[in-house]
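Below: the structure, in structure tokens.
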Amino acid sequence: MPVTQKGDRVVLQHPKLQGASAEILYYGATVISWKAPSVSGSEPAERLFVSGKAALDGSKPVRGGIPVVFPAFGAPTHPDHAKLSQHGFARNNIWAYESTVMDNEAGVSVKLTLDPTDAIKARFDHPFHLEYIVTLAEHQLTTDFHVKHTGLSTTPPFEFQALFHNYIRAPANDVHITPLKGVSYYDKTEATEEARATPKVESREGVDVKKFTDFVYENAPGKYDIVWPSGAIEIRTSNLKDVVVWNPQQETGSKIADMEEGGWERYVCVEPGYVCGFVKLEPGQTWRGQQVLTVKV
Ligand SMILES: O=P(O)(O)OC[C@H]1O[C@@H](O)[C@H](O)[C@@H](O)[C@@H]1O
């Protein structure tokens, strides 16, 4: 069966390619596994990092995979988001499985949804409907995030940020991310608020994460290559103008309670999103953001 619903997750299996799969937890609609073969046709291998200490029981957001960040990135900055926790509520609420959207020789695709609950309304009282479509193809995983304003025409618009928090499994000390040269970014590792709010310009051909990195690139190219000696993943995006590159290294990684020992050496987070400024959604409108992850080696 290409789509199997289990207790806490839905499992996608490629209809033709034995072992190519994806697993999505209903908690947070978090993709916690993506297995894909290399281009040369090796056995499908895990492409995402999930910490061995990650909670998968819904007690806290998953440390790894692809958490969905909505409606606030990082600590909320919008007055309307003041009651929300870091990265918002999409990653720590239970989504509903809606349907299998596609099931053919090319791949398989499912849709999950999230609507306001009383607990969400207490913190973010806006009429919305979220849809998340995850598609597994031979060497690809696509995630589509749709935000709909479901209010009547007289309802005020609402504003949000959105981001795919990809933990890409890769040897962190050997990865390079391109092409970010010349792109402005905010350096969240700076000690003062003023320094964090002052844009810098990336001067490197290939960005590495050999030291603690938490950079928010604004108006980035939208297509990124993450390359290391034995592998490469491409991320293509639509409607996601910014990208965050994060790796805590030992300096801050060792302080993350649910990070496995040395985990920071096993991934790089490359996170496409709309996080500088806010999307403003009018009643009846739908906003769509998409990424396509492709194994290139
Ligand atoms: O620990 P969390 O809430 O999952 O966040 C992890 C990281 O997520 C990144 O997107 C942020 O830029 C970092 O500042 C943050 O530390």
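Residue names in the structure tokens use chain letters A, B, ... in the order shown, residue numbers from 1 in each chain, and ligand numbers from 1 in the order shown.
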
**OP:** Could you give me, as a ChimeraX atom specification, the residues within 12 Å of Val292 in chain A, counting only C-alpha atoms and dropping anything in the same chain fewer than 3 positions from it?
**Re:** /A:133-137,139-145,164,166,222-225,233-238,240,272,289,295

Original post:
Gly277 in chain A: which residues within 9 Å, counting only C-alpha atoms, same-chain residues fewer than 3 positions away excluded, as a ChimeraX atom specification?
Top reply: /A:160-161,274

**OP:** May I ask which of the residues A:Gly19, A:Asp80, A:Gln291, A:Val147 is the closest one to Thr113 in chain A, counting only C-alpha atoms?
**Re:** A:Val147

**OP:** Assign secondary structure with DSSP using the backbone only, and return the residues of range 124-281 of chain A in helix (DSSP H, G or I) as JSON, numbers by chain.
**Re:** {"A": [172, 173, 174, 193, 194, 195, 196, 249, 250, 251, 252, 253, 263, 264, 265]}

Can those selected residues be exported to a file as a PDB file, in the first residue's frame so that it contains C-alpha atoms?
```
ATOM      1  CA  ALA A 172      27.935  19.567   8.942  1.00  0.00           C
ATOM      2  CA  ASN A 173      31.644  20.344   8.867  1.00  0.00           C
ATOM      3  CA  ASP A 174      31.888  19.451   5.172  1.00  0.00           C
ATOM      4  CA  GLU A 193      19.782  43.413  19.558  1.00  0.00           C
ATOM      5  CA  GLU A 194      21.272  46.243  17.515  1.00  0.00           C
ATOM      6  CA  ALA A 195      23.879  43.972  15.871  1.00  0.00           C
ATOM      7  CA  ARG A 196      21.237  41.307  15.192  1.00  0.00           C
ATOM      8  CA  GLN A 249      27.746  23.478  16.621  1.00  0.00           C
ATOM      9  CA  GLN A 250      28.885  22.316  20.050  1.00  0.00           C
ATOM     10  CA  GLU A 251      28.782  25.868  21.409  1.00  0.00           C
ATOM     11  CA  THR A 252      25.003  25.988  21.580  1.00  0.00           C
ATOM     12  CA  GLY A 253      24.085  22.448  20.426  1.00  0.00           C
ATOM     13  CA  GLY A 263      24.055  15.659  16.714  1.00  0.00           C
ATOM     14  CA  TRP A 264      25.075  19.074  15.369  1.00  0.00           C
ATOM     15  CA  GLU A 265      27.763  17.304  13.303  1.00  0.00           C
TER      16      GLU A 265
END
```

Proximity check chain A to ligand 1, 10 Å, nearest pairs one decimal Å, only C-alpha atoms and all ligand atoms, as CSV:
```
residue,atom,partner,partner_atom_place_in_ligand_line,distance
A:Lys60,CA,ligand 1,4 (O),9.5
A:Pro61,CA,ligand 1,4 (O),7.0
A:Val62,CA,ligand 1,4 (O),7.7
A:Arg63,CA,ligand 1,4 (O),6.3
A:Gly64,CA,ligand 1,4 (O),8.3
A:Pro67,CA,ligand 1,4 (O),8.3
A:Val69,CA,ligand 1,10 (O),8.5
A:Phe73,CA,ligand 1,10 (O),7.3
A:Gly74,CA,ligand 1,11 (C),5.9
A:Ala75,CA,ligand 1,14 (O),8.5
A:Ser85,CA,ligand 1,3 (O),8.7
A:Gln86,CA,ligand 1,3 (O),5.6
A:His87,CA,ligand 1,3 (O),6.2
A:Gly88,CA,ligand 1,3 (O),9.3
A:Arg91,CA,ligand 1,4 (O),9.5
A:Leu163,CA,ligand 1,10 (O),8.4
A:Phe164,CA,ligand 1,10 (O),8.9
A:His165,CA,ligand 1,10 (O),6.3
A:Asn166,CA,ligand 1,10 (O),9.0
A:Tyr167,CA,ligand 1,8 (O),9.9
A:Asp187,CA,ligand 1,12 (O),9.3
A:Lys188,CA,ligand 1,14 (O),6.6
A:Thr189,CA,ligand 1,14 (O),8.2
A:Thr213,CA,ligand 1,12 (O),8.8
A:Asp214,CA,ligand 1,12 (O),5.3
A:Phe215,CA,ligand 1,12 (O),6.8
A:Val216,CA,ligand 1,12 (O),7.0
A:Val243,CA,ligand 1,10 (O),9.4
A:Val244,CA,ligand 1,12 (O),6.3
A:Val245,CA,ligand 1,12 (O),7.3
A:Trp246,CA,ligand 1,9 (C),5.8
A:Asn247,CA,ligand 1,7 (C),8.1
A:Pro248,CA,ligand 1,16 (O),7.4
A:Thr252,CA,ligand 1,16 (O),8.7
A:Gly253,CA,ligand 1,16 (O),9.1
A:Ile256,CA,ligand 1,1 (O),7.3
A:Ala257,CA,ligand 1,1 (O),9.3
A:Asp258,CA,ligand 1,1 (O),9.1
A:Met259,CA,ligand 1,1 (O),9.5
A:Cys269,CA,ligand 1,10 (O),7.6
A:Val270,CA,ligand 1,10 (O),8.6
A:Glu271,CA,ligand 1,10 (O),6.9
A:Pro272,CA,ligand 1,10 (O),9.7
A:Gly273,CA,ligand 1,10 (O),9.8
A:Val275,CA,ligand 1,10 (O),10.0
```

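Here CA of Glu205 in chain A is placed at a distance of 14.3 Å from CA of Tyr217 in chain A.
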
Subject >> Residues flagged strand (DSSP E) by DSSP in range 42-243 of chain A, as a ChimeraX atom specification >> reply: /A:45-46,68-69,96-104,107-114,128-137,140-149,158-164,167-169,176-178,184-187,200-201,213-217,223-228,231-238,242-243

Selection from above, C-alpha atoms, as a CSV table (one decimal), in the first residue's frame, can you write it?
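What follows is the written file part_0.csv:
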```csv
chain,number,residue,atom,x,y,z
A,45,ALA,CA,18.9,6.1,2.4
A,46,GLU,CA,17.6,8.5,5.1
A,68,VAL,CA,6.5,23.6,9.9
A,69,VAL,CA,6.9,27.1,11.3
A,96,ALA,CA,-5.9,15.7,10.5
A,97,TYR,CA,-5.2,13.3,7.7
A,98,GLU,CA,-7.5,14.4,4.8
A,99,SER,CA,-6.8,12.4,1.8
A,100,THR,CA,-4.4,10.8,-0.7
A,101,VAL,CA,-4.1,13.4,-3.4
A,102,MET,CA,-2.0,11.4,-5.9
A,103,ASP,CA,-1.1,7.7,-6.2
A,104,ASN,CA,0.4,6.8,-9.5
A,107,GLY,CA,4.8,9.0,-6.8
A,108,VAL,CA,2.3,9.4,-3.9
A,109,SER,CA,1.0,12.4,-2.2
A,110,VAL,CA,-1.1,13.1,0.9
A,111,LYS,CA,-2.9,16.1,2.4
A,112,LEU,CA,-3.1,17.0,6.1
A,113,THR,CA,-5.1,19.9,7.5
A,114,LEU,CA,-5.2,22.1,10.6
A,128,PHE,CA,-7.7,30.2,9.0
A,129,HIS,CA,-7.5,26.8,7.3
A,130,LEU,CA,-4.1,25.2,6.8
A,131,GLU,CA,-3.3,22.5,4.2
A,132,TYR,CA,-0.1,20.6,4.0
A,133,ILE,CA,0.6,18.4,1.0
A,134,VAL,CA,3.6,16.1,1.0
A,135,THR,CA,4.6,14.3,-2.2
A,136,LEU,CA,7.1,11.5,-2.5
A,137,ALA,CA,8.7,10.9,-5.9
A,140,GLN,CA,12.2,14.0,-4.5
A,141,LEU,CA,10.1,15.2,-1.6
A,142,THR,CA,7.8,18.1,-2.2
A,143,THR,CA,6.0,20.0,0.6
A,144,ASP,CA,3.2,22.5,-0.2
A,145,PHE,CA,1.8,24.7,2.5
A,146,HIS,CA,-1.5,26.5,1.9
A,147,VAL,CA,-2.9,29.2,4.3
A,148,LYS,CA,-6.5,30.2,3.7
A,149,HIS,CA,-8.3,33.2,5.3
A,158,PHE,CA,-4.2,38.7,9.3
A,159,GLU,CA,-0.4,38.5,9.0
A,160,PHE,CA,1.9,35.6,9.4
A,161,GLN,CA,5.4,34.2,8.6
A,162,ALA,CA,5.9,30.6,7.4
A,163,LEU,CA,9.0,28.4,7.0
A,164,PHE,CA,10.0,24.8,6.4
A,167,TYR,CA,17.1,19.3,9.1
A,168,ILE,CA,19.2,17.9,6.1
A,169,ARG,CA,21.2,14.9,7.1
A,176,HIS,CA,28.7,24.1,1.4
A,177,ILE,CA,25.5,26.0,0.6
A,178,THR,CA,25.2,28.0,-2.6
A,184,SER,CA,21.9,40.3,2.8
A,185,TYR,CA,21.4,38.5,6.0
A,186,TYR,CA,20.7,39.0,9.7
A,187,ASP,CA,23.1,37.3,12.0
A,200,LYS,CA,25.4,42.0,6.7
A,201,VAL,CA,26.2,40.9,3.2
A,213,THR,CA,25.6,29.8,12.4
A,214,ASP,CA,22.1,31.3,12.7
A,215,PHE,CA,21.7,33.5,9.6
A,216,VAL,CA,18.5,34.8,8.1
A,217,TYR,CA,19.1,35.6,4.4
A,223,LYS,CA,17.1,27.7,-5.2
A,224,TYR,CA,19.9,26.2,-3.1
A,225,ASP,CA,22.5,23.5,-3.4
A,226,ILE,CA,23.7,21.8,-0.3
A,227,VAL,CA,26.8,19.9,-1.3
A,228,TRP,CA,29.3,17.7,0.6
A,231,GLY,CA,26.3,13.9,-1.6
A,232,ALA,CA,24.1,16.8,-2.6
A,233,ILE,CA,20.6,18.0,-2.1
A,234,GLU,CA,18.9,20.7,-4.1
A,235,ILE,CA,16.1,22.8,-2.6
A,236,ARG,CA,13.8,24.7,-5.0
A,237,THR,CA,11.2,26.9,-3.7
A,238,SER,CA,8.3,29.0,-4.7
A,242,ASP,CA,14.0,34.1,2.5
A,243,VAL,CA,16.2,31.3,3.8
```

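In this comparison, which uses only C-alpha atoms, the residue of A:Ser59, A:Asn92, A:Gln5, A:Gln18 approaching Ser42 in chain A most closely is A:Gln18.
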